[in-house]
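Visitor: Please see the structure below; I have some questions.
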Amino acid sequence: MKRSFLFFIMLLSVLPACFAVEQTDTLKFVYKLHGQTRRFQYVFVPERDGGVTLHWGIERNLKWWSGTYRMTPQAVETGNSLSFMMPEDGNHIKLSNDETFAMISCKAYNSLKDTGRFIYDGVEYKLLDRDSNCNFGNLLHAIDAEGGEVWILDSNQYPLIWEMRNNPLEINWKVR
């Protein structure tokens with residue numbers, strides 16, 4: 001018991017400060033696209049090198065589909081682009097050093113907290129309010145100039161995009 005506790009402490013010490021947790025709970029992301037609804041299960045797992053692996057799963061055609069998205073340590077720290085790559089059964093995707101999936105980078109999160117704005121994919125989002133919350137804590141509600149809205153979990157551990165509305169790609173989601 002003592003040895004496993006020490007291992008856990010050592011693991012935390014090698015992760016970037018904004019991602020110092022073992023892993024998140026299983027979250028249910030509900031996507032809406034062109035009148036269709038898809039319900040994915042996500043688990044975000046920090047890696048020793050500071051990256052994060054997102055394990056996803058969905059039931060499709062009475063079969064369980066699953067795969068992963070691997071975010072590099074650079075993306076977790078300073079990424080500035082959101083991947084909208086469609087998950088395909090059995091694929092294990094390593095995203096580029098500037099891409100995150102379903103979350104923003106530490107740099108973007110810190111900018112939102114410190115200055116009330118952040119830039120992702122060349123789009124500036126401005127903090128609108130801090131009034132929303134979910135069962136994991138407070139949400140930061142930001143909006144872009146075209147009316148795209150995001151609610152980001154106010155967590156320096158996992159700044160997940162809890163909800164997205166009015167996305168120009170028409171890919172909107174909410175964690176349930």
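So you can find residues: chains in the structure tokens are A, B, ... in the order shown, residues in each start at 1, and ligands are numbered from 1 in order.
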For stretch 138-154 of chain A, work out the shell of residues within 12 Å, counting only C-alpha atoms and skipping chain neighbours fewer than 5 positions away, then give it as an MDAnalysis selection string.
Guide: chainID A and resid 18 102:106 108:110 112:113 116:133 159:175
Visitor: So the first atom is atom CA of A:Glu77 and the second is atom CA of A:His55; what is the distance between them in Å, to one decimal place?
Guide: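 So the answer is 19.5 Å.
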Visitor: Here is a test: counting only C-alpha atoms, which residue of A:Glu99, A:Glu47, A:Glu59, A:Asp114 is nearest to A:Gln74?
Guide: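 Checking each of A:Glu99, A:Glu47, A:Glu59, A:Asp114 against A:Gln74, counting only C-alpha atoms, the winner is A:Glu99.
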Visitor: Any chance you could list, as a CSV table (one decimal) with N, CA, C and O atoms, in the first residue's frame, the residues in stretch 33-125 of chain A that come up strand (DSSP E) when DSSP is run on the backbone?
Guide:
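Wrote it out as part29.csv, contents follow:
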```csv
chain,number,residue,atom,x,y,z
A,33,LEU,N,-25.0,16.8,-34.7
A,33,LEU,CA,-24.5,17.2,-36.0
A,33,LEU,C,-25.5,16.9,-37.1
A,33,LEU,O,-25.9,15.7,-37.2
A,36,GLN,N,-28.4,14.6,-36.2
A,36,GLN,CA,-28.0,13.3,-35.6
A,36,GLN,C,-27.5,13.5,-34.2
A,36,GLN,O,-26.8,14.6,-33.9
A,37,THR,N,-27.7,12.6,-33.3
A,37,THR,CA,-27.1,12.6,-32.0
A,37,THR,C,-26.2,11.4,-31.8
A,37,THR,O,-26.6,10.3,-32.1
A,38,ARG,N,-25.0,11.6,-31.2
A,38,ARG,CA,-24.1,10.5,-30.9
A,38,ARG,C,-23.7,10.7,-29.4
A,38,ARG,O,-23.3,11.8,-29.0
A,39,ARG,N,-23.6,9.6,-28.7
A,39,ARG,CA,-23.3,9.6,-27.3
A,39,ARG,C,-22.0,8.9,-27.1
A,39,ARG,O,-22.0,7.6,-27.2
A,40,PHE,N,-20.9,9.6,-26.8
A,40,PHE,CA,-19.6,9.0,-26.6
A,40,PHE,C,-19.3,8.9,-25.1
A,40,PHE,O,-19.6,9.8,-24.4
A,41,GLN,N,-18.5,7.9,-24.7
A,41,GLN,CA,-17.9,7.9,-23.4
A,41,GLN,C,-16.4,8.2,-23.5
A,41,GLN,O,-15.8,7.6,-24.3
A,42,TYR,N,-16.0,9.1,-22.7
A,42,TYR,CA,-14.6,9.5,-22.7
A,42,TYR,C,-14.0,9.3,-21.3
A,42,TYR,O,-14.6,9.6,-20.3
A,43,VAL,N,-12.7,8.9,-21.3
A,43,VAL,CA,-11.9,8.9,-20.1
A,43,VAL,C,-10.6,9.6,-20.5
A,43,VAL,O,-9.9,9.1,-21.4
A,44,PHE,N,-10.2,10.6,-19.8
A,44,PHE,CA,-8.9,11.3,-20.0
A,44,PHE,C,-7.9,10.8,-19.1
A,44,PHE,O,-8.1,10.8,-17.9
A,45,VAL,N,-6.8,10.3,-19.6
A,45,VAL,CA,-5.7,9.7,-18.8
A,45,VAL,C,-4.4,10.5,-19.0
A,45,VAL,O,-3.9,10.5,-20.1
A,46,PRO,N,-3.8,11.0,-17.9
A,46,PRO,CA,-2.5,11.7,-18.1
A,46,PRO,C,-1.4,10.7,-18.3
A,46,PRO,O,-1.5,9.6,-17.8
A,52,VAL,N,-1.7,13.6,-22.7
A,52,VAL,CA,-3.0,13.1,-22.2
A,52,VAL,C,-3.5,12.2,-23.3
A,52,VAL,O,-3.5,12.5,-24.5
A,53,THR,N,-4.0,11.0,-22.9
A,53,THR,CA,-4.7,10.1,-23.8
A,53,THR,C,-6.1,10.1,-23.5
A,53,THR,O,-6.5,9.9,-22.4
A,54,LEU,N,-6.9,10.3,-24.5
A,54,LEU,CA,-8.4,10.3,-24.4
A,54,LEU,C,-8.8,8.9,-24.9
A,54,LEU,O,-8.6,8.6,-26.1
A,55,HIS,N,-9.4,8.1,-24.1
A,55,HIS,CA,-10.0,6.8,-24.5
A,55,HIS,C,-11.5,7.1,-24.7
A,55,HIS,O,-12.2,7.6,-23.8
A,56,TRP,N,-11.9,6.7,-25.9
A,56,TRP,CA,-13.3,6.9,-26.2
A,56,TRP,C,-14.0,5.6,-26.6
A,56,TRP,O,-13.4,4.7,-27.0
A,57,GLY,N,-15.3,5.6,-26.4
A,57,GLY,CA,-16.1,4.5,-26.8
A,57,GLY,C,-17.6,4.9,-27.1
A,57,GLY,O,-18.0,5.9,-26.6
A,58,ILE,N,-18.2,4.1,-28.0
A,58,ILE,CA,-19.6,4.4,-28.4
A,58,ILE,C,-20.2,3.1,-28.9
A,58,ILE,O,-19.5,2.2,-29.5
A,59,GLU,N,-21.5,2.9,-28.6
A,59,GLU,CA,-22.2,1.7,-29.1
A,59,GLU,C,-22.8,2.1,-30.5
A,59,GLU,O,-23.5,3.0,-30.5
A,60,ARG,N,-22.4,1.4,-31.5
A,60,ARG,CA,-22.9,1.6,-32.8
A,60,ARG,C,-23.3,0.3,-33.5
A,60,ARG,O,-22.5,-0.7,-33.5
A,63,LYS,N,-22.7,-2.9,-31.6
A,63,LYS,CA,-21.3,-3.2,-31.4
A,63,LYS,C,-20.6,-2.1,-30.7
A,63,LYS,O,-20.9,-0.9,-30.9
A,64,TRP,N,-19.6,-2.4,-29.8
A,64,TRP,CA,-18.9,-1.4,-29.1
A,64,TRP,C,-17.7,-1.0,-29.9
A,64,TRP,O,-16.8,-1.8,-30.3
A,65,TRP,N,-17.6,0.3,-30.3
A,65,TRP,CA,-16.5,0.9,-31.0
A,65,TRP,C,-15.7,1.7,-30.0
A,65,TRP,O,-16.2,2.3,-29.1
A,66,SER,N,-14.3,1.7,-30.2
A,66,SER,CA,-13.5,2.4,-29.3
A,66,SER,C,-12.2,2.8,-30.0
A,66,SER,O,-11.8,2.2,-31.1
A,67,GLY,N,-11.4,3.7,-29.4
A,67,GLY,CA,-10.1,4.1,-29.9
A,67,GLY,C,-9.6,5.1,-28.9
A,67,GLY,O,-10.1,5.3,-27.8
A,68,THR,N,-8.5,5.8,-29.3
A,68,THR,CA,-7.9,6.8,-28.5
A,68,THR,C,-7.4,8.0,-29.3
A,68,THR,O,-7.2,7.9,-30.5
A,69,TYR,N,-7.3,9.1,-28.7
A,69,TYR,CA,-6.6,10.3,-29.2
A,69,TYR,C,-5.5,10.6,-28.2
A,69,TYR,O,-5.8,10.7,-27.0
A,70,ARG,N,-4.3,10.7,-28.7
A,70,ARG,CA,-3.2,11.0,-27.8
A,70,ARG,C,-2.8,12.5,-28.1
A,70,ARG,O,-2.5,12.9,-29.2
A,71,MET,N,-2.8,13.3,-27.0
A,71,MET,CA,-2.4,14.7,-27.1
A,71,MET,C,-0.9,14.7,-26.5
A,71,MET,O,-0.7,14.2,-25.4
A,81,SER,N,-5.1,24.7,-31.3
A,81,SER,CA,-6.0,24.2,-32.3
A,81,SER,C,-6.8,23.0,-31.8
A,81,SER,O,-6.2,22.1,-31.1
A,82,LEU,N,-8.0,23.0,-32.1
A,82,LEU,CA,-8.9,21.9,-31.7
A,82,LEU,C,-9.2,20.9,-32.8
A,82,LEU,O,-9.5,21.3,-33.9
A,92,HIS,N,-6.1,4.6,-33.2
A,92,HIS,CA,-5.4,5.2,-32.1
A,92,HIS,C,-4.6,6.4,-32.7
A,92,HIS,O,-3.5,6.1,-33.3
A,93,ILE,N,-5.1,7.6,-32.5
A,93,ILE,CA,-4.6,8.8,-33.2
A,93,ILE,C,-3.7,9.5,-32.3
A,93,ILE,O,-4.0,9.9,-31.2
A,94,LYS,N,-2.5,9.9,-32.8
A,94,LYS,CA,-1.6,10.8,-32.1
A,94,LYS,C,-1.8,12.2,-32.8
A,94,LYS,O,-1.5,12.3,-34.0
A,99,GLU,N,-2.5,20.4,-31.4
A,99,GLU,CA,-3.9,20.1,-31.3
A,99,GLU,C,-4.3,19.4,-30.0
A,99,GLU,O,-3.6,18.5,-29.5
A,100,THR,N,-5.4,19.8,-29.6
A,100,THR,CA,-6.1,19.1,-28.4
A,100,THR,C,-7.4,18.6,-28.9
A,100,THR,O,-7.9,19.0,-30.0
A,117,ARG,N,-9.6,36.2,-22.1
A,117,ARG,CA,-9.7,35.8,-23.5
A,117,ARG,C,-8.6,34.8,-23.9
A,117,ARG,O,-7.7,34.6,-23.2
A,118,PHE,N,-8.9,34.0,-24.9
A,118,PHE,CA,-7.9,33.1,-25.4
A,118,PHE,C,-8.2,32.9,-26.9
A,118,PHE,O,-9.3,33.2,-27.4
A,119,ILE,N,-7.2,32.4,-27.6
A,119,ILE,CA,-7.3,32.2,-29.1
A,119,ILE,C,-7.0,30.8,-29.4
A,119,ILE,O,-6.1,30.2,-28.9
A,120,TYR,N,-8.0,30.2,-30.1
A,120,TYR,CA,-7.9,28.8,-30.6
A,120,TYR,C,-8.3,28.8,-32.1
A,120,TYR,O,-9.3,29.4,-32.4
A,123,VAL,N,-9.2,32.0,-33.7
A,123,VAL,CA,-10.5,32.6,-33.3
A,123,VAL,C,-10.3,33.1,-31.8
A,123,VAL,O,-9.9,32.3,-31.0
A,124,GLU,N,-10.6,34.4,-31.6
A,124,GLU,CA,-10.5,34.9,-30.2
A,124,GLU,C,-11.9,34.7,-29.5
A,124,GLU,O,-12.9,35.0,-30.0
A,125,TYR,N,-11.8,34.0,-28.3
A,125,TYR,CA,-12.9,33.9,-27.4
A,125,TYR,C,-12.8,34.8,-26.3
A,125,TYR,O,-11.7,34.9,-25.7
```
Visitor: What residues in stretch 45-130 of chain A get the DSSP label helix (DSSP H, G or I)? Please answer as JSON, numbers by chain.
Guide: {"A": [73, 74, 75, 76, 77, 78, 106, 107, 108, 109, 110, 111, 112, 113, 114, 115]}
